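Undergrad: I'd like to ask some things about the structure below.
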Amino acid sequence: MGIGRARWVALLVGLAAAALVATVGASEGDADPLYRACVDECEKTGSLRETSVRHCQVPTDDHPADKSWYAHEPLYLQWKEWNCKSECRYHCMMERESEREQLGLGSVKYHGKWPMKRASVFQEPISAALSALSLLVQFNGWLSFFLLLSYKLPLMPETQMTYYEYTGLWHIYGLLAMNAWFWRAIYHSCDTVWTEKLYYSSFAAFIGYSLILAILRTLNLKDEASRVMVAAPILAFTTTHILYLNFYELDKGLNTKVCTAASLAQFLLWAVWAVMTKHPSCFKILFVIIGNVFSIVLETYDIPPRWGYVDGRVFCVAISIPLTYLWWKFAKEDAEMRTSAIIKKTR
């Protein structure tokens with residue numbers, strides 16, 4: 001292994017260690033008594049100072065309002081789950097953050113999340129827009145891969161199947177990636193219980209499958225028996241993890257640790273394989289891996305928001321866009337290389 005390649009791997013290991021430390025040390029929570037008092041007063045009066053909260057119904061004529069404004073919304077609007085409690089929390093959070101800013105204090109988390117300003121119906125507009133753009137890049141990458149394998153590269157004359165042994169695996173990867181980024185865009189647009197679970201579940205499934213793909217490709221496993229032996233335990237663990245998140249406890253800390261460990265494992269596999277085999281796309285692979293590890297470090301260190309709209313997750317999503325383009329470029333180059341090698345053997 002050359003000195004230059006060894007430095008790449010050393011850098012990867014260093015970033016991976018930083019990501020694990022950040023994951024273990026992550027913390028959440030906020031218990032500001034002024035914020036709590038503001039929320040309680042808002043829910044009782046239906047107003048915040050001189051601003052009324054339309055989602056709250058104030059008791060009149062000694063008859064308490066047993067239904068919130070949310071209960072009277074059309075069904076197609078109820079998915080937002082913007083009710084009296086959530087609206088009071090949001091407005092009190094923004095007011096409290098404004099007061100803290102005037103006192104020269106930094107942002108703090110509320111109910112485990114950083115305070116982010118809304119834009120129309122979008123709770124995190126920049127993250128939502130970038131997630132949608134990443135989804136578009138994923139679709140473009142998968143589509144170009146599909147067109148390359150189906151119409152540009154030669155097919156087997158007997159079966160009209162592709163020569164590339166991992167075609168189906170990459171198609172499944174693309175579909176899971178697009179599903180994950182779709183739900184991430186929805187989650188950043190509207191953070192509700194079910195969008196949060198779909199976001200975490202879809203990314204857990206995507207990362208679990210990505211580990212399977214990494215093992216099968218780097219170990220060059222082609223027969224079905226070997227693939228099943230590798231995939232079965234990982235699929236079982238991933239399914240159990242998703243069921244735990246959805247039906248027992250949505251433990252974000254545990255999910256972060258599981259996804260980080262699975263991601264780092266596959267990154268290490270890809271890095272070692274690319275360096276040892278001297279793959280033509282070696283530097284693309286290493287660049288994508290280092291970028292993804294850096295993204296994990298950013299997300300796990302939980303950078304506070306700036307200007308009310310930009311936090312660490314915005315940078316993570318932004319980083320993923322060029323990395324996605326490069327990763328699908330590697331997939332296409334790998335397909336071309338393997339197809340060419342197989343055709344040469346058959347002649």
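Following the order of the structure tokens, chains are lettered A, B, ..., residues in each are numbered from 1, and ligands are numbered from 1.
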Could you name the residues that touch A:Tyr309 at 12 Å or less, counting only C-alpha atoms, but leaving out those on the same chain fewer than 4 positions away, as a list in words?

TA: Trp114, Pro115, Met116, Lys117, Arg118, Ala119, Phe122, Gln123, Glu124, Pro125, Ile126, Ser127, Ala128, Ala129, His188, Pro304, Pro305, Arg313, Val314 and Phe315 of chain A

Undergrad: Take the residues that were just selected and, keeping N, CA, C and O atoms, output them as a compact mmCIF listing (two decimals), in the first residue's frame.

TA:
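The result, written out as out31.txt:
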```
# COMPACT_ATOMS: atom_id res chain seq x y z
N TRP A 114 -33.44 21.63 18.38
CA TRP A 114 -33.03 23.02 18.30
C TRP A 114 -34.18 23.89 17.80
O TRP A 114 -34.99 23.44 16.99
N PRO A 115 -34.27 25.13 18.25
CA PRO A 115 -35.32 26.05 17.77
C PRO A 115 -35.05 26.49 16.33
O PRO A 115 -34.01 27.08 16.05
N MET A 116 -35.99 26.20 15.44
CA MET A 116 -35.85 26.56 14.04
C MET A 116 -37.08 27.37 13.61
O MET A 116 -38.21 27.03 13.96
N LYS A 117 -36.85 28.42 12.84
CA LYS A 117 -37.95 29.25 12.36
C LYS A 117 -38.68 28.58 11.20
O LYS A 117 -38.07 27.91 10.38
N ARG A 118 -39.98 28.77 11.15
CA ARG A 118 -40.78 28.24 10.07
C ARG A 118 -40.78 29.18 8.87
O ARG A 118 -40.47 30.36 8.99
N ALA A 119 -41.17 28.63 7.74
CA ALA A 119 -41.41 29.42 6.53
C ALA A 119 -42.68 28.86 5.90
O ALA A 119 -42.67 27.76 5.36
N PHE A 122 -43.59 25.07 6.13
CA PHE A 122 -42.38 24.27 6.28
C PHE A 122 -41.70 24.59 7.61
O PHE A 122 -41.34 25.73 7.87
N GLN A 123 -41.51 23.55 8.41
CA GLN A 123 -40.91 23.76 9.72
C GLN A 123 -39.41 23.99 9.63
O GLN A 123 -38.85 24.75 10.40
N GLU A 124 -38.74 23.30 8.74
CA GLU A 124 -37.31 23.51 8.50
C GLU A 124 -37.10 23.67 7.00
O GLU A 124 -36.74 22.72 6.30
N PRO A 125 -37.37 24.86 6.48
CA PRO A 125 -37.44 25.05 5.02
C PRO A 125 -36.16 24.72 4.26
O PRO A 125 -36.21 24.10 3.20
N ILE A 126 -35.00 25.12 4.80
CA ILE A 126 -33.75 24.88 4.08
C ILE A 126 -33.42 23.39 4.06
O ILE A 126 -33.04 22.83 3.01
N SER A 127 -33.57 22.73 5.19
CA SER A 127 -33.33 21.28 5.24
C SER A 127 -34.28 20.53 4.33
O SER A 127 -33.89 19.57 3.66
N ALA A 128 -35.55 20.96 4.29
CA ALA A 128 -36.54 20.31 3.44
C ALA A 128 -36.18 20.48 1.96
O ALA A 128 -36.25 19.52 1.17
N ALA A 129 -35.78 21.69 1.58
CA ALA A 129 -35.43 21.95 0.18
C ALA A 129 -34.19 21.16 -0.24
O ALA A 129 -34.15 20.57 -1.33
N HIS A 188 -38.62 17.09 7.49
CA HIS A 188 -38.16 18.46 7.69
C HIS A 188 -39.26 19.47 7.34
O HIS A 188 -39.24 20.59 7.84
N PRO A 304 -25.54 24.02 16.93
CA PRO A 304 -26.72 24.87 17.16
C PRO A 304 -27.08 25.67 15.90
O PRO A 304 -26.23 25.90 15.03
N PRO A 305 -28.33 26.11 15.80
CA PRO A 305 -28.78 26.84 14.60
C PRO A 305 -28.18 28.23 14.49
O PRO A 305 -27.85 28.86 15.51
N ARG A 313 -27.61 19.92 10.67
CA ARG A 313 -28.24 19.00 9.72
C ARG A 313 -28.33 19.60 8.32
O ARG A 313 -28.31 18.87 7.32
N VAL A 314 -28.43 20.92 8.23
CA VAL A 314 -28.46 21.57 6.91
C VAL A 314 -27.16 21.31 6.17
O VAL A 314 -27.15 20.96 4.98
N PHE A 315 -26.04 21.43 6.89
CA PHE A 315 -24.75 21.18 6.26
C PHE A 315 -24.60 19.71 5.87
O PHE A 315 -24.03 19.38 4.83
```

Undergrad: Write out as a list in words which residues come within 8 Å of A:Ile296 when counting only C-alpha atoms, dropping same-chain ones fewer than 3 positions away.

TA: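 Within the cut-off, the hits are Ala19, Thr260, Asn292, Val293, Glu299, Thr300 and Cys316 of chain A.
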
Undergrad: Using C-alpha atoms, can you export the residues from the last selection as a PDB file, in the first residue's frame?

TA:
```pdb
ATOM      1  CA  ALA A  19     -17.814  10.281  14.977  1.00  0.00           C
ATOM      2  CA  THR A 260     -23.338   5.262  12.910  1.00  0.00           C
ATOM      3  CA  ASN A 292     -19.811  10.985   4.720  1.00  0.00           C
ATOM      4  CA  VAL A 293     -17.765  10.471   7.886  1.00  0.00           C
ATOM      5  CA  GLU A 299     -24.634  15.656  12.760  1.00  0.00           C
ATOM      6  CA  THR A 300     -23.603  13.906  15.966  1.00  0.00           C
ATOM      7  CA  CYS A 316     -25.071  17.378   6.403  1.00  0.00           C
TER       8      CYS A 316
END
```

Undergrad: Return the single residue from A:Ile342, A:Leu135, A:Val108, A:Ile242 that is closest to A:Ile303, with distances computed using only C-alpha atoms.

TA: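 With only C-alpha atoms as the atom set, the closest residue is A:Val108.
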
Undergrad: Please, which residues of stretch 102-158 of chain A, numbered as in this document, come out alpha helix (DSSP H) from DSSP, as a PyMOL selection string?

TA: chain A and resi 102+125-147

Undergrad: Which residues, written as number ranges by chain, have at least one atom at most 10 Å from stretch 90-107 of chain A, with only C-alpha atoms counted and residues fewer than 5 positions away on the same chain left out?

TA: A: 32, 34-42, 47-48, 51, 53, 82, 84-85, 114-118, 304-306, 308

Undergrad: Could you pull out all residues of stretch 23-271 of chain A with a DSSP call of strand (DSSP E) and give them as a ChimeraX atom specification?

TA: /A:47-48,51-52

Undergrad: Identify, on the basis of only C-alpha atoms, every residue whose closest approach to A:Phe237 does not exceed 12 Å; exclude the query and any residue fewer than 4 positions from it along the same chain; express the result as a PyMOL selection string.

TA: chain A and resi 204-205+207-209+211-212+230-233+241-244+258-259+262

Undergrad: Residues within 12 Å of A:Tyr200, please, as a ChimeraX atom specification. Count only C-alpha atoms; anything in the same chain fewer than 2 positions from it doesn't count.

TA: /A:179-184,186-187,191,193-198,202-207,238,241-246,250-256,258-259

Undergrad: May I have the residues within 6 Å of stretch 138-148 of chain A as a PyMOL selection string, using only C-alpha atoms and disregarding those fewer than 3 positions away in the same chain?

TA: chain A and resi 135+151-152+174+328+332

Undergrad: Ranking A:Cys88, A:Leu176, A:Leu219, A:Ala31 by minimum distance to A:Thr277 and counting only C-alpha atoms, which one comes first?

TA: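 The answer is A:Leu219, which sits nearest to A:Thr277.
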